[in-house]
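What follows is the content of target_16.cif (mmCIF, C-alpha atoms and all ligand atoms).
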```
data_input
#
loop_
_atom_site.label_atom_id
_atom_site.label_comp_id
_atom_site.auth_asym_id
_atom_site.auth_seq_id
_atom_site.Cartn_x
_atom_site.Cartn_y
_atom_site.Cartn_z
CA MET W 1 9.09 7.24 -17.61
CA LYS W 2 6.91 4.35 -18.78
CA ILE W 3 5.83 2.37 -15.72
CA LEU W 4 4.02 -0.96 -15.77
CA VAL W 5 2.47 -1.99 -12.45
CA LEU W 6 1.43 -5.61 -11.99
CA ASN W 7 -0.99 -5.69 -9.05
CA GLY W 8 -0.99 -9.16 -7.54
CA SER W 9 -3.72 -8.53 -4.97
CA PRO W 10 -6.97 -10.34 -5.77
CA LYS W 11 -8.68 -7.48 -3.90
CA ILE W 12 -7.89 -5.33 -6.97
CA GLU W 13 -8.59 -1.65 -6.13
CA LYS W 14 -9.30 -2.51 -2.46
CA SER W 15 -5.75 -3.80 -2.01
CA ASP W 16 -3.98 -2.62 1.17
CA THR W 17 -0.68 -2.78 -0.71
CA LEU W 18 -1.94 -0.58 -3.52
CA HIS W 19 -2.11 2.35 -1.03
CA ILE W 20 1.67 2.09 -0.71
CA THR W 21 2.16 1.69 -4.46
CA ARG W 22 -0.07 4.66 -5.30
CA ALA W 23 1.78 6.88 -2.79
CA PHE W 24 5.11 5.86 -4.35
CA LEU W 25 3.82 6.62 -7.86
CA GLU W 26 2.45 9.99 -6.66
CA GLY W 27 5.93 10.81 -5.34
CA MET W 28 7.47 9.82 -8.67
CA SER W 29 4.95 12.02 -10.50
CA GLU W 30 5.82 14.98 -8.26
CA ALA W 31 9.41 14.69 -9.52
CA ALA W 32 8.55 14.25 -13.22
CA PRO W 33 5.58 13.28 -15.39
CA GLN W 34 5.10 9.50 -15.47
CA ASP W 35 3.18 7.25 -17.85
CA VAL W 36 1.64 4.63 -15.51
CA HIS W 37 -0.36 1.54 -16.48
CA ILE W 38 -1.74 -0.65 -13.67
CA ILE W 39 -2.72 -4.21 -14.58
CA HIS W 40 -4.56 -6.45 -12.11
CA ALA W 41 -3.18 -9.98 -12.42
CA VAL W 42 -6.45 -11.52 -11.28
CA ASP W 43 -8.31 -9.93 -14.24
CA LEU W 44 -6.00 -11.45 -16.86
CA HIS W 45 -6.41 -14.52 -18.96
CA VAL W 46 -2.99 -16.07 -18.36
CA GLU W 47 -2.59 -19.84 -18.61
CA TYR W 48 -0.11 -21.57 -16.31
CA CYS W 49 3.32 -22.16 -17.84
CA SER W 50 3.33 -25.69 -19.31
CA GLY W 51 7.05 -26.13 -18.68
CA CYS W 52 7.72 -27.22 -22.29
CA PHE W 53 10.57 -24.68 -22.77
CA ALA W 54 9.43 -24.19 -26.41
CA CYS W 55 9.63 -20.38 -25.95
CA MET W 56 13.26 -20.56 -24.83
CA ARG W 57 14.25 -22.54 -27.92
CA ASN W 58 12.20 -20.84 -30.62
CA GLY W 59 13.10 -17.20 -30.06
CA GLY W 60 10.36 -16.39 -27.58
CA THR W 61 6.95 -17.62 -28.78
CA CYS W 62 4.82 -19.30 -26.11
CA VAL W 63 2.52 -22.22 -26.94
CA HIS W 64 -0.30 -20.39 -25.13
CA ASP W 65 -2.15 -17.64 -26.98
CA ASP W 66 -3.49 -15.41 -24.20
CA ASP W 67 -3.04 -12.01 -22.52
CA MET W 68 0.62 -12.73 -21.81
CA LYS W 69 1.58 -11.78 -25.37
CA ASP W 70 0.52 -8.16 -24.71
CA ILE W 71 2.05 -8.13 -21.22
CA LEU W 72 5.44 -9.25 -22.54
CA GLY W 73 5.29 -6.54 -25.21
CA GLU W 74 4.44 -3.96 -22.57
CA ILE W 75 7.23 -5.12 -20.24
CA LEU W 76 9.76 -4.67 -23.04
CA GLU W 77 8.48 -1.13 -23.76
CA SER W 78 8.60 -0.10 -20.09
CA ASP W 79 11.33 1.63 -18.11
CA LEU W 80 10.08 0.38 -14.76
CA LEU W 81 8.27 -2.82 -13.82
CA VAL W 82 6.50 -2.62 -10.45
CA LEU W 83 5.34 -5.79 -8.72
CA SER W 84 2.75 -4.70 -6.15
CA PHE W 85 1.49 -7.60 -4.08
CA PRO W 86 0.47 -8.79 -0.63
CA LEU W 87 2.54 -11.48 0.99
CA TYR W 88 0.75 -14.82 0.61
CA CYS W 89 2.32 -17.80 2.38
CA TYR W 90 5.66 -15.95 2.36
CA GLY W 91 5.53 -15.44 -1.40
CA MET W 92 3.44 -13.77 -4.07
CA PRO W 93 -0.25 -14.59 -4.73
CA ALA W 94 -0.86 -17.26 -7.37
CA PRO W 95 -2.30 -14.99 -10.13
CA LEU W 96 0.86 -12.86 -10.10
CA LYS W 97 3.12 -15.92 -9.87
CA ALA W 98 1.42 -17.28 -13.00
CA VAL W 99 2.33 -14.06 -14.82
CA ILE W 100 5.93 -14.11 -13.54
CA ASP W 101 6.39 -17.76 -14.62
CA ARG W 102 5.23 -16.75 -18.08
CA ILE W 103 8.02 -14.19 -18.60
CA LEU W 104 10.18 -17.20 -19.50
CA PRO W 105 10.08 -16.30 -23.25
CA LEU W 106 12.36 -13.33 -22.49
CA SER W 107 15.16 -15.82 -21.70
CA SER W 108 16.87 -18.38 -23.89
CA MET W 109 17.78 -21.94 -22.87
CA ALA W 110 21.46 -20.99 -22.71
CA MET W 111 22.82 -20.42 -19.22
CA ARG W 112 25.91 -18.64 -18.00
CA LYS W 113 27.67 -18.23 -14.71
CA VAL W 114 26.94 -14.93 -12.97
CA GLY W 115 29.02 -14.61 -9.81
CA ASP W 116 28.42 -17.76 -7.80
CA ARG W 117 25.31 -18.95 -9.64
CA TYR W 118 23.88 -19.59 -13.08
CA ALA W 119 21.27 -17.54 -14.95
CA HIS W 120 19.65 -17.87 -18.35
CA VAL W 121 20.87 -15.63 -21.16
CA GLY W 122 18.21 -13.13 -22.30
CA GLN W 123 16.73 -13.37 -25.77
CA ALA W 124 15.16 -9.90 -25.65
CA ASP W 125 16.66 -6.54 -24.78
CA PHE W 126 15.40 -5.40 -21.39
CA SER W 127 18.67 -3.77 -20.35
CA ARG W 128 17.01 -0.43 -19.53
CA LEU W 129 14.26 -1.96 -17.39
CA ARG W 130 14.30 -1.29 -13.65
CA TYR W 131 12.38 -3.39 -11.13
CA LEU W 132 10.49 -2.42 -8.01
CA MET W 133 8.77 -4.77 -5.59
CA ILE W 134 6.18 -3.29 -3.21
CA CYS W 135 4.85 -5.84 -0.76
CA GLY W 136 2.43 -5.49 2.14
CA CYS W 137 1.61 -8.14 4.72
CA GLY W 138 -0.71 -8.91 7.60
CA PHE W 139 1.74 -9.81 10.35
CA PRO W 140 3.55 -7.09 12.30
CA ASN W 141 6.97 -8.70 11.93
CA SER W 142 9.20 -7.99 8.94
CA ARG W 143 11.84 -10.55 9.83
CA ARG W 144 11.09 -14.24 9.20
CA ASN W 145 8.24 -13.13 6.96
CA PHE W 146 9.27 -11.18 3.83
CA GLU W 147 12.62 -12.94 3.21
CA PRO W 148 11.45 -15.67 0.76
CA ALA W 149 9.58 -13.14 -1.44
CA VAL W 150 12.48 -10.68 -1.40
CA MET W 151 14.96 -13.45 -2.21
CA GLN W 152 12.84 -14.64 -5.14
CA PHE W 153 12.59 -11.05 -6.42
CA GLU W 154 16.36 -10.52 -6.09
CA LEU W 155 17.20 -13.77 -7.88
CA MET W 156 14.68 -13.11 -10.65
CA PHE W 157 15.80 -9.51 -11.15
CA PRO W 158 19.40 -9.25 -9.91
CA GLN W 159 20.09 -5.79 -11.34
CA ARG W 160 18.50 -2.36 -11.03
CA ARG W 161 16.02 -3.53 -8.41
CA THR W 162 14.55 -2.16 -5.20
CA ALA W 163 12.28 -3.90 -2.68
CA ILE W 164 9.87 -2.11 -0.35
CA THR W 165 8.21 -4.33 2.26
CA VAL W 166 5.69 -2.90 4.72
CA PRO W 167 4.26 -4.93 7.62
CA GLU W 168 0.88 -4.26 9.28
CA SER W 169 -0.49 -3.18 5.89
CA PRO W 170 -4.22 -3.82 6.59
CA MET W 171 -3.99 -0.55 8.53
CA PHE W 172 -3.82 1.33 5.21
CA ASN W 173 -7.49 0.46 4.66
CA ALA W 174 -8.53 1.41 8.21
CA PRO W 175 -9.53 5.12 8.38
CA GLU W 176 -9.12 5.03 12.19
CA ALA W 177 -5.41 4.29 11.67
CA ALA W 178 -4.84 7.44 9.58
CA ALA W 179 -2.73 9.04 12.34
CA VAL W 180 -0.02 6.43 11.68
CA THR W 181 -0.67 5.49 8.04
CA GLU W 182 -0.67 9.07 6.66
CA PRO W 183 2.87 9.85 7.94
CA ARG W 184 4.03 6.48 6.55
CA LEU W 185 2.50 7.22 3.14
CA ALA W 186 4.20 10.64 3.23
CA LEU W 187 7.54 8.82 3.63
CA VAL W 188 6.63 6.53 0.73
CA ARG W 189 5.82 9.58 -1.45
CA LYS W 190 9.21 11.03 -0.50
CA ALA W 191 10.85 7.72 -1.51
CA GLY W 192 9.01 7.86 -4.84
CA ARG W 193 10.31 11.37 -5.50
CA GLN W 194 13.82 10.29 -4.59
CA TYR W 195 13.60 7.20 -6.78
CA ALA W 196 12.44 9.24 -9.78
CA GLU W 197 15.23 11.77 -9.25
CA THR W 198 18.15 9.47 -8.38
CA GLY W 199 17.15 5.90 -9.30
CA GLY W 200 17.44 4.81 -5.67
CA ILE W 201 16.10 5.29 -2.15
CA ASP W 202 18.23 6.39 0.77
CA ALA W 203 18.90 3.36 3.03
CA GLY W 204 17.66 5.15 6.18
CA LEU W 205 14.40 6.18 4.53
CA LEU W 206 13.85 2.68 3.16
CA ALA W 207 14.45 1.12 6.59
CA GLU W 208 11.93 3.52 8.13
CA ILE W 209 9.29 2.67 5.51
CA CYS W 210 9.82 -1.07 6.01
CA SER W 211 9.46 -0.95 9.81
CA PRO W 212 6.20 -1.60 11.73
CA MET W 213 3.95 1.47 12.04
CA ILE W 214 2.91 0.65 15.61
CA PRO W 215 4.60 -1.70 18.12
CA GLU W 216 4.14 -5.36 17.16
CA GLU W 217 2.37 -6.30 20.41
CA GLN W 218 -0.08 -3.40 20.10
CA TYR W 219 -0.90 -4.38 16.49
CA ALA W 220 -1.38 -8.04 17.44
CA ALA W 221 -3.66 -7.02 20.34
CA ILE W 222 -5.83 -4.88 18.02
CA VAL W 223 -6.12 -7.70 15.45
CA ASN W 224 -6.87 -10.24 18.17
CA ARG W 225 -9.69 -8.09 19.57
CA GLY W 226 -11.53 -8.53 16.25
CA ALA W 227 -10.56 -12.18 15.72
C1 LIG V 1 -3.80 -16.76 1.49
C2 LIG V 1 -3.16 -15.72 2.34
C3 LIG V 1 -1.85 -15.90 2.78
C4 LIG V 1 -1.23 -14.92 3.57
N1 LIG V 1 0.07 -15.10 3.98
C5 LIG V 1 0.68 -14.16 4.73
C6 LIG V 1 2.03 -14.32 5.16
O1 LIG V 1 2.72 -15.27 4.81
N2 LIG V 1 2.55 -13.36 5.95
C7 LIG V 1 1.85 -12.25 6.35
O2 LIG V 1 2.39 -11.41 7.08
N3 LIG V 1 0.58 -12.04 5.92
C8 LIG V 1 -0.02 -12.97 5.13
N4 LIG V 1 -1.30 -12.77 4.66
C9 LIG V 1 -1.99 -11.48 4.97
C10 LIG V 1 -1.93 -10.47 3.80
O3 LIG V 1 -0.60 -10.29 3.33
C11 LIG V 1 -2.50 -9.14 4.27
O4 LIG V 1 -3.86 -9.29 4.60
C12 LIG V 1 -2.32 -8.01 3.28
O5 LIG V 1 -2.55 -6.77 3.93
C13 LIG V 1 -3.30 -8.10 2.11
O6 LIG V 1 -2.93 -7.12 1.17
P1 LIG V 1 -3.83 -6.69 -0.06
O7 LIG V 1 -5.03 -5.96 0.50
O8 LIG V 1 -2.93 -5.79 -0.85
O9 LIG V 1 -4.24 -7.92 -0.82
C14 LIG V 1 -1.93 -13.73 3.90
C15 LIG V 1 -3.26 -13.56 3.45
C16 LIG V 1 -3.86 -14.53 2.68
C17 LIG V 1 -5.29 -14.30 2.20
#
```
Please lay out the structure from this file as structure tokens.
Ligand SMILES: Cc1cc2nc3c(=O)[nH]c(=O)nc-3n(C[C@H](O)[C@H](O)[C@H](O)COP(=O)(O)O)c2cc1C
Amino acid sequence: MKILVLNGSPKIEKSDTLHITRAFLEGMSEAAPQDVHIIHAVDLHVEYCSGCFACMRNGGTCVHDDDMKDILGEILESDLLVLSFPLYCYGMPAPLKAVIDRILPLSSMAMRKVGDRYAHVGQADFSRLRYLMICGCGFPNSRRNFEPAVMQFELMFPQRRTAITVPESPMFNAPEAAAVTEPRLALVRKAGRQYAETGGIDAGLLAEICSPMIPEEQYAAIVNRGA
């Protein structure tokens, strides 16, 4: 499977979230060989979308001539698009958001009703593409934290999508937390294997992965000791 990972963490290889993403990809590779390309959004030359809608009217050519041309080509050649990012202000970090805004050329101006809402009609064939969001965050609570980012992901990519959200993710970069992070990463690897084999993740396993690794109060106390 051809997998394109867009890493939204400005910490690049030091990203907490990337530990989760790598474990998932390892699990996928245990099930079958995978062709993985990781791109760090912060390293790209991607201009902000100008909002001119030229791309949606002219068949998909953006007024900006930058790295986005190659990214769009790569998205269309991929089977799986992975958005790996830390939660920033309840959403995705700005460098990744700039990239996501610039996928506008894949849609045309025409809109159609889909269920109870409207969506733009595609002007490229990405019908085989699946979408995976992997998001870490610094607070211990999952509720009233990840919802805006998950909602944005679900509205952007309504079909063939899966969201993995893991609270307390700075622990993945803390060797002293290995006793709790290693078992969690083992579950993530299992989810990756399952995803590669079946195209989905068992609801119970997903819920376990998305839960806090240690009790919220304990995590907050540890963070506050160093604050
Ligand atoms: C600008 C900024 C905004 C943040 N906003 C949130 C937030 O809304 N909720 C949260 O739980 N953590 C928030 N965090 C914490 C990060 O999500 C957390 O440190 C995460 O582990 C960083 O992941 P990374 O190493 O993959 O970049 C924020 C951090 C920064 C720097």
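By chain and then residue number, the residues within 9 Å of range 2-5 of chain W are W:Thr21, W:Gln34, W:Asp35, W:Val36, W:His37, W:Ile38, W:Ile39, W:His40, W:Glu74, W:Ile75, W:Glu77, W:Ser78, W:Asp79, W:Leu80, W:Leu81, W:Val82, W:Leu83, W:Ser84, counting only C-alpha atoms and disregarding those fewer than 5 positions away in sequence.
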Residues within 12 Å of Ile12 in chain W, please, as a PDB file with C-alpha atoms, in the frame of the given file. Count all atoms listed in the file; anything in the same chain fewer than 4 positions from it doesn't count.
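Final file, result05.pdb:
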```pdb
ATOM      1  CA  LEU W   6       1.430  -5.610 -11.990  1.00  0.00           C
ATOM      2  CA  ASN W   7      -0.990  -5.690  -9.050  1.00  0.00           C
ATOM      3  CA  GLY W   8      -0.990  -9.160  -7.540  1.00  0.00           C
ATOM      4  CA  ASP W  16      -3.980  -2.620   1.170  1.00  0.00           C
ATOM      5  CA  THR W  17      -0.680  -2.780  -0.710  1.00  0.00           C
ATOM      6  CA  LEU W  18      -1.940  -0.580  -3.520  1.00  0.00           C
ATOM      7  CA  HIS W  19      -2.110   2.350  -1.030  1.00  0.00           C
ATOM      8  CA  ILE W  38      -1.740  -0.650 -13.670  1.00  0.00           C
ATOM      9  CA  ILE W  39      -2.720  -4.210 -14.580  1.00  0.00           C
ATOM     10  CA  HIS W  40      -4.560  -6.450 -12.110  1.00  0.00           C
ATOM     11  CA  ALA W  41      -3.180  -9.980 -12.420  1.00  0.00           C
ATOM     12  CA  VAL W  42      -6.450 -11.520 -11.280  1.00  0.00           C
ATOM     13  CA  ASP W  43      -8.310  -9.930 -14.240  1.00  0.00           C
ATOM     14  CA  LEU W  44      -6.000 -11.450 -16.860  1.00  0.00           C
ATOM     15  CA  SER W  84       2.750  -4.700  -6.150  1.00  0.00           C
ATOM     16  CA  PHE W  85       1.490  -7.600  -4.080  1.00  0.00           C
ATOM     17  CA  PRO W  86       0.470  -8.790  -0.630  1.00  0.00           C
ATOM     18  CA  PRO W  95      -2.300 -14.990 -10.130  1.00  0.00           C
ATOM     19  CA  LEU W  96       0.860 -12.860 -10.100  1.00  0.00           C
TER      20      LEU W  96
END
```
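Counting from CA of Thr198 in chain W, the distance to CA of Gly136 in chain W is 24.1 Å.
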Taking all atoms listed in the file into account, which residues are within 7 Å of ligand LIG 1 (chain V), as a compact mmCIF listing (two decimals) with C-alpha atoms, keeping the file's coordinate frame?
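What ended up in selection27.txt:
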```txt
# COMPACT_ATOMS: atom_id res chain seq x y z
CA SER W 9 -3.72 -8.53 -4.97
CA PRO W 10 -6.97 -10.34 -5.77
CA LYS W 11 -8.68 -7.48 -3.90
CA LYS W 14 -9.30 -2.51 -2.46
CA SER W 15 -5.75 -3.80 -2.01
CA ASP W 16 -3.98 -2.62 1.17
CA THR W 17 -0.68 -2.78 -0.71
CA LEU W 18 -1.94 -0.58 -3.52
CA PHE W 85 1.49 -7.60 -4.08
CA PRO W 86 0.47 -8.79 -0.63
CA LEU W 87 2.54 -11.48 0.99
CA TYR W 88 0.75 -14.82 0.61
CA CYS W 89 2.32 -17.80 2.38
CA TYR W 90 5.66 -15.95 2.36
CA GLY W 91 5.53 -15.44 -1.40
CA GLY W 136 2.43 -5.49 2.14
CA CYS W 137 1.61 -8.14 4.72
CA GLY W 138 -0.71 -8.91 7.60
CA PHE W 139 1.74 -9.81 10.35
CA PRO W 140 3.55 -7.09 12.30
CA ASN W 145 8.24 -13.13 6.96
CA PRO W 167 4.26 -4.93 7.62
CA GLU W 168 0.88 -4.26 9.28
CA SER W 169 -0.49 -3.18 5.89
CA PRO W 170 -4.22 -3.82 6.59
```
Across W:Ala23, W:Val166, W:Met28, W:Ile209, the smallest distance to Arg184 in chain W, with all atoms listed in the file counted, is shown by W:Ile209
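Among the candidates W:Val188, W:Val114, W:Val46, W:Ala196, the residue lying nearest to Arg22 in chain W is W:Val188 (atoms considered: only C-alpha atoms).
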Point (6.7, 15.2, -4.2), cut-off 9 Å, counting all atoms listed in the file, residues as a PyMOL selection string:
chain W and resi 26-31+189-194
Please produce an output containing C-alpha atoms for each residue in the selection, written as a compact mmCIF listing (two decimals), keeping the file's coordinate frame.
```txt
# COMPACT_ATOMS: atom_id res chain seq x y z
CA GLU W 26 2.45 9.99 -6.66
CA GLY W 27 5.93 10.81 -5.34
CA MET W 28 7.47 9.82 -8.67
CA SER W 29 4.95 12.02 -10.50
CA GLU W 30 5.82 14.98 -8.26
CA ALA W 31 9.41 14.69 -9.52
CA ARG W 189 5.82 9.58 -1.45
CA LYS W 190 9.21 11.03 -0.50
CA ALA W 191 10.85 7.72 -1.51
CA GLY W 192 9.01 7.86 -4.84
CA ARG W 193 10.31 11.37 -5.50
CA GLN W 194 13.82 10.29 -4.59
```
Supply range 83-112 of chain W as a CSV table (one decimal), in the frame of the given file, with N, CA and C atoms built in where the input has gaps.
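rebuild24.csv was written with the following content:
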```csv
chain,number,residue,atom,x,y,z
W,83,LEU,N,6.1,-4.7,-9.2
W,83,LEU,CA,5.3,-5.8,-8.7
W,83,LEU,C,4.8,-5.4,-7.4
W,84,SER,N,3.4,-5.1,-7.4
W,84,SER,CA,2.8,-4.7,-6.2
W,84,SER,C,1.9,-5.9,-5.7
W,85,PHE,N,2.2,-6.4,-4.5
W,85,PHE,CA,1.5,-7.6,-4.1
W,85,PHE,C,1.5,-7.8,-2.6
W,86,PRO,N,0.5,-8.4,-2.0
W,86,PRO,CA,0.5,-8.8,-0.6
W,86,PRO,C,1.2,-10.1,-0.5
W,87,LEU,N,1.8,-10.2,0.7
W,87,LEU,CA,2.5,-11.5,1.0
W,87,LEU,C,1.5,-12.6,1.2
W,88,TYR,N,1.6,-13.7,0.4
W,88,TYR,CA,0.8,-14.8,0.6
W,88,TYR,C,1.6,-16.0,0.9
W,89,CYS,N,1.5,-16.6,2.1
W,89,CYS,CA,2.3,-17.8,2.4
W,89,CYS,C,3.8,-17.5,2.1
W,90,TYR,N,4.3,-16.4,2.5
W,90,TYR,CA,5.7,-16.0,2.4
W,90,TYR,C,6.1,-15.8,0.9
W,91,GLY,N,5.2,-15.7,0.0
W,91,GLY,CA,5.5,-15.4,-1.4
W,91,GLY,C,4.5,-14.5,-2.0
W,92,MET,N,4.4,-14.6,-3.4
W,92,MET,CA,3.4,-13.8,-4.1
W,92,MET,C,2.2,-14.6,-4.4
W,93,PRO,N,1.0,-13.9,-4.4
W,93,PRO,CA,-0.2,-14.6,-4.7
W,93,PRO,C,-0.2,-15.3,-6.1
W,94,ALA,N,-0.9,-16.4,-6.2
W,94,ALA,CA,-0.9,-17.3,-7.4
W,94,ALA,C,-1.1,-16.5,-8.7
W,95,PRO,N,-2.1,-15.6,-8.8
W,95,PRO,CA,-2.3,-15.0,-10.1
W,95,PRO,C,-1.1,-14.2,-10.6
W,96,LEU,N,-0.4,-13.6,-9.7
W,96,LEU,CA,0.9,-12.9,-10.1
W,96,LEU,C,2.0,-13.9,-10.4
W,97,LYS,N,2.1,-14.9,-9.6
W,97,LYS,CA,3.1,-15.9,-9.9
W,97,LYS,C,2.9,-16.5,-11.2
W,98,ALA,N,1.7,-16.7,-11.7
W,98,ALA,CA,1.4,-17.3,-13.0
W,98,ALA,C,2.0,-16.3,-14.1
W,99,VAL,N,1.8,-15.0,-13.9
W,99,VAL,CA,2.3,-14.1,-14.8
W,99,VAL,C,3.9,-14.1,-14.8
W,100,ILE,N,4.5,-14.1,-13.6
W,100,ILE,CA,5.9,-14.1,-13.5
W,100,ILE,C,6.5,-15.4,-14.2
W,101,ASP,N,5.9,-16.5,-14.0
W,101,ASP,CA,6.4,-17.8,-14.6
W,101,ASP,C,6.4,-17.6,-16.1
W,102,ARG,N,5.4,-16.9,-16.6
W,102,ARG,CA,5.2,-16.8,-18.1
W,102,ARG,C,6.1,-15.7,-18.7
W,103,ILE,N,7.1,-15.1,-17.9
W,103,ILE,CA,8.0,-14.2,-18.6
W,103,ILE,C,9.2,-15.0,-19.1
W,104,LEU,N,9.1,-16.3,-19.0
W,104,LEU,CA,10.2,-17.2,-19.5
W,104,LEU,C,10.6,-16.9,-21.0
W,105,PRO,N,9.7,-16.5,-21.9
W,105,PRO,CA,10.1,-16.3,-23.2
W,105,PRO,C,11.1,-15.2,-23.4
W,106,LEU,N,11.3,-14.4,-22.4
W,106,LEU,CA,12.4,-13.3,-22.5
W,106,LEU,C,13.8,-13.9,-22.3
W,107,SER,N,13.8,-15.2,-21.9
W,107,SER,CA,15.2,-15.8,-21.7
W,107,SER,C,15.3,-16.9,-22.7
W,108,SER,N,16.6,-17.2,-23.0
W,108,SER,CA,16.9,-18.4,-23.9
W,108,SER,C,17.3,-19.6,-23.0
W,109,MET,N,17.4,-20.7,-23.6
W,109,MET,CA,17.8,-21.9,-22.9
W,109,MET,C,19.2,-21.8,-22.4
W,110,ALA,N,20.0,-21.1,-23.1
W,110,ALA,CA,21.5,-21.0,-22.7
W,110,ALA,C,21.6,-20.4,-21.3
W,111,MET,N,22.6,-21.0,-20.6
W,111,MET,CA,22.8,-20.4,-19.2
W,111,MET,C,24.3,-20.0,-19.1
W,112,ARG,N,24.5,-19.1,-18.2
W,112,ARG,CA,25.9,-18.6,-18.0
W,112,ARG,C,26.1,-18.4,-16.5
```
